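**Q** Got a structure here, written out as structure tokens. Questions coming.
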There are 2 protein chains.
Amino acid sequence: MSLAVTDAIAANRAALAMIKEEPFNAEAPHAALRDPITSTDEHYVRSNFALPEHDGTLHVAGAVGTALRLTLDDLRAMPAVEHAVTLECAGNGRLDTRPLPAGEPWGGYAVSTAYWKGARLADVLAQARPGPDGAELRCEGADHGKYHLSSVLEDVDDLTFVRSLPLAHAADPAAEILIAYEMNGEPLRPDHGAPFRLVVPHWYAVASVKWLSRLDVLTEPFVGEFQTGHYIYQWPDRPFEPVTHMRVRARITDPAPETTIPAGTCTIRGKAWSGAGPITSVGLSFIGESDWSPAVVEPPKGPYQWQDWHYTWEATPGRHSLRARATDAAGNVQPDVPPWNRLGYGNNAIEISYVDVR
Amino acid sequence: MSLAVTDAIAANRAALAMIKEEPFNAEAPHAALRDPITSTDEHYVRSNFALPEHDGTLHVAGAVGTALRLTLDDLRAMPAVEHAVTLECAGNGRLDTRPLPAGEPWGGYAVSTAYWKGARLADVLAQARPGPDGAELRCEGADHGKYHLSSVLEDVDDLTFVRSLPLAHAADPAAEILIAYEMNGEPLRPDHGAPFRLVVPHWYAVASVKWLSRLDVLTEPFVGEFQTGHYIYQWPDRPFEPVTHMRVRARITDPAPETTIPAGTCTIRGKAWSGAGPITSVGLSFIGESDWSPAVVEPPKGPYQWQDWHYTWEATPGRHSLRARATDAAGNVQPDVPPWNRLGYGNNAIEISYVDVR
């Protein structure tokens, strides 16, 4: 069963840039990227199916010592953890990919940062006691319906949203994977996975299964449309790879792209993030320049959230292209043109914005 | 000597999107692409040097039977020809090229169509009687100054704007190359090459030398910064090629890109042009589609100007990517990603625009 879109749910969506009405997908407004924490009203929404009914319980089963049936109250009774976590859709920036792949036409604003509070997934798994032959954790959402299979891009009936995580990662307390029931201090809203969802720091948000209904410890690798069909880098010339960590990326938030600003001192500002570690540098470059001038990168406010950077610039009249390129602690650097993959995931190309200075 | 930028000249520039103040470079406003003929106020301007003084004479010399010294009155006394001609800067679309090359940061609006009236270059050359060993026509503008050499991208002093045309092309009456002295029914304005300029139909506008001051018939190929340094496709992996004819291209003018429109019947409109012949088809495609639906392409209103096309579309709520792909009579089709060249010329990639439908 799907949930009716009430007036309250529609009101929750009013501030967003709608990509698809049903299932509901929407980008954050551009200005939302300026804030350290995205308000819930402005947090992007990615859904693969219509809003589901959720019976309020989470089943934990499979190769475990103790199967569990947990309610929201059970989760709230466990030790609570809260983190600011940057979530980005793996398809963010698809519209800038050439040739244009199939998929939702995300511009560059399917990325947001919210406070997420919940129980640690590792604590839940510790209660269930996975067997020694456990390999992966199958994570099932309550959402289901018709879907385009990646292999044929045709509708099939009644697929359910299921993803898996490596069990070692899921069960690692240090990974700080949450079964979150609060977002920015309030109970989850329907569009964000009420009553509870996974929040997997550092990974593209496809891993953060919304409307979480079942966890099953598997002894074999999981095969499913959202694991091995979609959310796979389908390279034209080398073996396919799963979509996992967010790629290093910087965005320019100020001045807003394609606007006109007055000449004089201008502070260029933006965000940068990576799933592979903190941002260590952001370089700025203008058209015709082959080198990169270092921006000031603020230290991380937490381990799982984007960082602020800024750069002081003397803006002279005319059009100026602005490029910002981030490097992370693992040494990853944004490319000019990332390798193309069939479904358009992980586009972390250096952004080229321009401003007209008068 | 350069010309002072008077209040009148500044007023002529007010409607344009300025790229560089000095030398003055500016794109047409986006809405100007909707019109069949671009008003002079809205016609893009490309200048390599500051506005020059021009002494009002045109010298024709070199390997000719009769050297000439012509005034504006002399040119006006010759048979007059008027055509609507689409002129496009070879660097138009450079900002969408990845990696971003050096050069003026043109978006996609360094293209316009005006009525140009003047004497035929072929008629002038017939008076001068090129010798049988003539190979090229060296065309010199009055504009000169400091310039970045392509080979080093450093300033050198006092380069003059000079281009050449194959003599057979320049002397062919059917090529309808003009020494134009009127634009849209008025004497040329300083930014557009007063008192007269070349207008070379079908070629990127670099060939249409402004402030024309000298024509010399050469018996050897011309070597010069604007012929063999800049305005060369510098391919990374094959021999360099000169920039000549405009590549086939379509632009979407309506709905305006990245705007929100109401659901319902929407007429998508645009322009298309090619230097290799009339446009024979324009196809529309939306995200996830691999085929192209034919638009209605209006017949050419003249041999040298862009064509209108339109497509009736039922717009449903959500975000929709729009792609328009033109094919010309020579069989050229716009590519998804044109091969990259060092200075960023001839980017005729299929445009990907989007609209949000509410």
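Letters A, B, ... go to the chains of the structure tokens in the order shown; residues in each chain start at 1; ligands are counted from 1 in the same order.
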Using only C-alpha atoms, what table do you get, as JSON lines, when you list each residue of chain B with an atom no more than 9 Å from chain A, its nearest pair of atoms, and their distance in Å rounded to one decimal, rows by chain then rising number?
**A**
```
{"residue": "B:Ala17", "atom": "CA", "partner": "A:Asp356", "partner_atom": "CA", "distance": 7.8}
{"residue": "B:Met18", "atom": "CA", "partner": "A:Gly318", "partner_atom": "CA", "distance": 5.8}
{"residue": "B:Ile19", "atom": "CA", "partner": "A:Arg319", "partner_atom": "CA", "distance": 4.4}
{"residue": "B:Lys20", "atom": "CA", "partner": "A:Gly318", "partner_atom": "CA", "distance": 4.4}
{"residue": "B:Glu21", "atom": "CA", "partner": "A:Gly318", "partner_atom": "CA", "distance": 5.8}
{"residue": "B:Glu22", "atom": "CA", "partner": "A:Gly318", "partner_atom": "CA", "distance": 8.9}
{"residue": "B:Asn25", "atom": "CA", "partner": "A:Gly318", "partner_atom": "CA", "distance": 8.7}
{"residue": "B:Ala26", "atom": "CA", "partner": "A:Gly318", "partner_atom": "CA", "distance": 8.9}
{"residue": "B:Leu95", "atom": "CA", "partner": "A:Ile352", "partner_atom": "CA", "distance": 7.7}
{"residue": "B:Asp96", "atom": "CA", "partner": "A:Ile352", "partner_atom": "CA", "distance": 8.3}
{"residue": "B:Arg98", "atom": "CA", "partner": "A:Asp336", "partner_atom": "CA", "distance": 6.3}
{"residue": "B:Pro99", "atom": "CA", "partner": "A:Asp336", "partner_atom": "CA", "distance": 5.3}
{"residue": "B:Leu100", "atom": "CA", "partner": "A:Ile287", "partner_atom": "CA", "distance": 7.3}
{"residue": "B:Pro101", "atom": "CA", "partner": "A:Gly288", "partner_atom": "CA", "distance": 6.7}
{"residue": "B:Ala102", "atom": "CA", "partner": "A:Gly288", "partner_atom": "CA", "distance": 3.9}
{"residue": "B:Gly103", "atom": "CA", "partner": "A:Gly288", "partner_atom": "CA", "distance": 6.1}
{"residue": "B:Glu104", "atom": "CA", "partner": "A:Ile287", "partner_atom": "CA", "distance": 7.8}
{"residue": "B:Pro105", "atom": "CA", "partner": "A:Ser321", "partner_atom": "CA", "distance": 6.7}
{"residue": "B:Trp106", "atom": "CA", "partner": "A:Arg319", "partner_atom": "CA", "distance": 8.6}
{"residue": "B:Leu153", "atom": "CA", "partner": "A:Gly288", "partner_atom": "CA", "distance": 8.6}
{"residue": "B:Ile287", "atom": "CA", "partner": "A:Ala102", "partner_atom": "CA", "distance": 5.8}
{"residue": "B:Gly288", "atom": "CA", "partner": "A:Ala102", "partner_atom": "CA", "distance": 3.9}
{"residue": "B:Glu289", "atom": "CA", "partner": "A:Ala102", "partner_atom": "CA", "distance": 7.2}
{"residue": "B:Ser290", "atom": "CA", "partner": "A:Ala102", "partner_atom": "CA", "distance": 8.7}
{"residue": "B:Pro317", "atom": "CA", "partner": "A:Glu21", "partner_atom": "CA", "distance": 6.5}
{"residue": "B:Gly318", "atom": "CA", "partner": "A:Lys20", "partner_atom": "CA", "distance": 4.4}
{"residue": "B:Arg319", "atom": "CA", "partner": "A:Ile19", "partner_atom": "CA", "distance": 4.4}
{"residue": "B:His320", "atom": "CA", "partner": "A:Pro105", "partner_atom": "CA", "distance": 7.0}
{"residue": "B:Ser321", "atom": "CA", "partner": "A:Pro105", "partner_atom": "CA", "distance": 6.7}
{"residue": "B:Pro335", "atom": "CA", "partner": "A:Pro99", "partner_atom": "CA", "distance": 9.0}
{"residue": "B:Asp336", "atom": "CA", "partner": "A:Pro99", "partner_atom": "CA", "distance": 5.3}
{"residue": "B:Val337", "atom": "CA", "partner": "A:Arg98", "partner_atom": "CA", "distance": 6.5}
{"residue": "B:Ile352", "atom": "CA", "partner": "A:Leu95", "partner_atom": "CA", "distance": 7.7}
{"residue": "B:Ser353", "atom": "CA", "partner": "A:Leu95", "partner_atom": "CA", "distance": 8.6}
{"residue": "B:Tyr354", "atom": "CA", "partner": "A:Pro105", "partner_atom": "CA", "distance": 8.4}
{"residue": "B:Asp356", "atom": "CA", "partner": "A:Ile19", "partner_atom": "CA", "distance": 7.2}
{"residue": "B:Val357", "atom": "CA", "partner": "A:Met18", "partner_atom": "CA", "distance": 8.5}
{"residue": "B:Arg358", "atom": "CA", "partner": "A:Met18", "partner_atom": "CA", "distance": 8.2}
```
**Q** I want to know what sits within 10 Å of Leu125 of chain A, based on only C-alpha atoms, with residues of the same chain fewer than 6 positions away left out; could you give that as a count of residues only?
**A** 15
**Q** Contacts of Leu212 of chain A at 8 Å or less, counting only C-alpha atoms, minus same-chain residues fewer than 5 places along, as a list of chain:residue names?
**A**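 Here the qualifying residues turn out to be A:Leu58, A:Cys139, A:Glu140, A:Gly141, A:Ala142, A:Gly193, A:Phe196, A:Arg197, A:Leu198.
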**Q** Taking only C-alpha atoms into account, name the residue in B:Glu88, B:Asp291, B:Asp123, B:Glu186 that is nearest to Trp273 of chain B.
**A**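 Using only C-alpha atoms, the shortest distance to Trp273 of chain B belongs to B:Glu88.
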**Q** I need the strand (DSSP E) residues of segment 80-329 of chain A per DSSP on the backbone, written as a VMD selection string.
**A** chain A and resid 80 to 88 111 to 120 136 to 148 155 to 166 178 to 183 186 to 187 197 to 199 212 to 218 232 to 233 241 to 242 249 to 254 259 to 261 264 to 273 279 to 285 293 to 294 296 to 297 307 to 315 318 to 328
**Q** In Å to one decimal, how far is atom CA of Ala256 of chain B from atom CA of Ala205 of chain B?
**A**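 Taking atom CA of Ala205 of chain B as the start and atom CA of Ala256 of chain B as the end point, the length is 25.6 Å.
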**Q** Please identify all polymer residues within 6 Å of segment 240-255 of chain B, counting only C-alpha atoms, omitting same-chain residues fewer than 6 positions from it, and present them as a PyMOL selection string.
**A** chain B and resi 34+202-204+231-234+268-275+326+348
**Q** Could you please take those selected residues and save N, CA, C and O atoms as a PDB file, in the first residue's frame?
**A**
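Now in selection.pdb:
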```
ATOM      1  N   ARG B  34      15.512  34.464 -30.370  1.00  0.00           N
ATOM      2  CA  ARG B  34      14.156  34.156 -30.830  1.00  0.00           C
ATOM      3  C   ARG B  34      13.818  34.850 -32.139  1.00  0.00           C
ATOM      4  O   ARG B  34      12.960  34.392 -32.890  1.00  0.00           O
ATOM      5  N   HIS B 202      28.616  31.626 -44.215  1.00  0.00           N
ATOM      6  CA  HIS B 202      28.880  30.197 -43.948  1.00  0.00           C
ATOM      7  C   HIS B 202      30.153  29.949 -43.142  1.00  0.00           C
ATOM      8  O   HIS B 202      30.325  28.838 -42.650  1.00  0.00           O
ATOM      9  N   TRP B 203      31.021  30.927 -43.035  1.00  0.00           N
ATOM     10  CA  TRP B 203      32.266  30.735 -42.283  1.00  0.00           C
ATOM     11  C   TRP B 203      32.106  31.284 -40.871  1.00  0.00           C
ATOM     12  O   TRP B 203      31.372  32.252 -40.635  1.00  0.00           O
ATOM     13  N   TYR B 204      32.803  30.660 -39.923  1.00  0.00           N
ATOM     14  CA  TYR B 204      32.894  31.293 -38.613  1.00  0.00           C
ATOM     15  C   TYR B 204      33.359  32.723 -38.806  1.00  0.00           C
ATOM     16  O   TYR B 204      34.147  33.034 -39.726  1.00  0.00           O
ATOM     17  N   TYR B 231      42.671  30.373 -34.096  1.00  0.00           N
ATOM     18  CA  TYR B 231      41.668  29.953 -35.082  1.00  0.00           C
ATOM     19  C   TYR B 231      42.137  28.741 -35.883  1.00  0.00           C
ATOM     20  O   TYR B 231      41.955  28.658 -37.098  1.00  0.00           O
ATOM     21  N   ILE B 232      42.743  27.847 -35.131  1.00  0.00           N
ATOM     22  CA  ILE B 232      43.218  26.571 -35.651  1.00  0.00           C
ATOM     23  C   ILE B 232      42.664  25.506 -34.707  1.00  0.00           C
ATOM     24  O   ILE B 232      42.714  25.672 -33.484  1.00  0.00           O
ATOM     25  N   TYR B 233      42.091  24.465 -35.258  1.00  0.00           N
ATOM     26  CA  TYR B 233      41.727  23.320 -34.417  1.00  0.00           C
ATOM     27  C   TYR B 233      43.008  22.594 -34.044  1.00  0.00           C
ATOM     28  O   TYR B 233      43.599  21.904 -34.877  1.00  0.00           O
ATOM     29  N   GLN B 234      43.445  22.773 -32.834  1.00  0.00           N
ATOM     30  CA  GLN B 234      44.658  22.095 -32.365  1.00  0.00           C
ATOM     31  C   GLN B 234      44.239  20.791 -31.702  1.00  0.00           C
ATOM     32  O   GLN B 234      43.978  20.736 -30.501  1.00  0.00           O
ATOM     33  N   ILE B 268       7.986  23.915 -28.301  1.00  0.00           N
ATOM     34  CA  ILE B 268       9.433  24.096 -28.177  1.00  0.00           C
ATOM     35  C   ILE B 268       9.907  24.713 -29.487  1.00  0.00           C
ATOM     36  O   ILE B 268       9.541  24.243 -30.567  1.00  0.00           O
ATOM     37  N   ARG B 269      10.679  25.782 -29.374  1.00  0.00           N
ATOM     38  CA  ARG B 269      11.146  26.489 -30.574  1.00  0.00           C
ATOM     39  C   ARG B 269      12.651  26.689 -30.526  1.00  0.00           C
ATOM     40  O   ARG B 269      13.248  26.703 -29.451  1.00  0.00           O
ATOM     41  N   GLY B 270      13.214  26.877 -31.676  1.00  0.00           N
ATOM     42  CA  GLY B 270      14.631  27.179 -31.706  1.00  0.00           C
ATOM     43  C   GLY B 270      15.103  27.556 -33.086  1.00  0.00           C
ATOM     44  O   GLY B 270      14.315  27.767 -34.008  1.00  0.00           O
ATOM     45  N   LYS B 271      16.416  27.688 -33.163  1.00  0.00           N
ATOM     46  CA  LYS B 271      17.085  28.012 -34.415  1.00  0.00           C
ATOM     47  C   LYS B 271      18.055  26.877 -34.739  1.00  0.00           C
ATOM     48  O   LYS B 271      18.482  26.136 -33.841  1.00  0.00           O
ATOM     49  N   ALA B 272      18.417  26.771 -36.013  1.00  0.00           N
ATOM     50  CA  ALA B 272      19.452  25.823 -36.412  1.00  0.00           C
ATOM     51  C   ALA B 272      20.158  26.381 -37.630  1.00  0.00           C
ATOM     52  O   ALA B 272      19.548  27.102 -38.432  1.00  0.00           O
ATOM     53  N   TRP B 273      21.432  26.088 -37.738  1.00  0.00           N
ATOM     54  CA  TRP B 273      22.220  26.601 -38.865  1.00  0.00           C
ATOM     55  C   TRP B 273      23.430  25.704 -39.088  1.00  0.00           C
ATOM     56  O   TRP B 273      23.810  24.921 -38.223  1.00  0.00           O
ATOM     57  N   SER B 274      24.019  25.873 -40.263  1.00  0.00           N
ATOM     58  CA  SER B 274      25.234  25.149 -40.610  1.00  0.00           C
ATOM     59  C   SER B 274      25.936  25.912 -41.718  1.00  0.00           C
ATOM     60  O   SER B 274      25.272  26.517 -42.571  1.00  0.00           O
ATOM     61  N   GLY B 275      27.235  25.878 -41.727  1.00  0.00           N
ATOM     62  CA  GLY B 275      27.990  26.478 -42.820  1.00  0.00           C
ATOM     63  C   GLY B 275      28.124  25.554 -44.015  1.00  0.00           C
ATOM     64  O   GLY B 275      28.686  25.934 -45.039  1.00  0.00           O
ATOM     65  N   ALA B 326      20.531  18.869 -34.770  1.00  0.00           N
ATOM     66  CA  ALA B 326      20.334  19.267 -36.166  1.00  0.00           C
ATOM     67  C   ALA B 326      21.205  18.433 -37.102  1.00  0.00           C
ATOM     68  O   ALA B 326      22.297  17.995 -36.733  1.00  0.00           O
ATOM     69  N   ASN B 348      29.996  22.339 -31.234  1.00  0.00           N
ATOM     70  CA  ASN B 348      28.604  22.219 -31.697  1.00  0.00           C
ATOM     71  C   ASN B 348      27.925  21.019 -31.056  1.00  0.00           C
ATOM     72  O   ASN B 348      27.080  20.373 -31.668  1.00  0.00           O
TER      73      ASN B 348
END
```
**Q** Just give me the gap between atom CA of Val156 of chain A and atom CA of Asp143 of chain A in Å, one decimal is fine.
**A**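 One can read the atom CA of Val156 of chain A to atom CA of Asp143 of chain A distance as 14.6 Å.
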**Q** Run DSSP on the backbone of this structure and report the residues of segment 5-253 of chain B it assigns to alpha helix (DSSP H), as a ChimeraX atom specification.
**A** /B:7-12,72-77,121-128,167-170
**Q** What is the distance, in Å and to one decimal place, between atom CA of Ala330 of chain B and atom CA of Gln307 of chain B?
**A**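 A separation of 15.8 Å between them.
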**Q** Using only C-alpha atoms, which protein or nucleic acid residues come within 10 Å of segment 43-51 of chain B? Drop anything in the same chain fewer than 5 positions from it, and give the result as a PyMOL selection string.
**A** chain B and resi 1-5+13+15-29+32-33+37-38+87-89+91+104+109-114+142-147+158-161+190-194+205-206+210-211+226
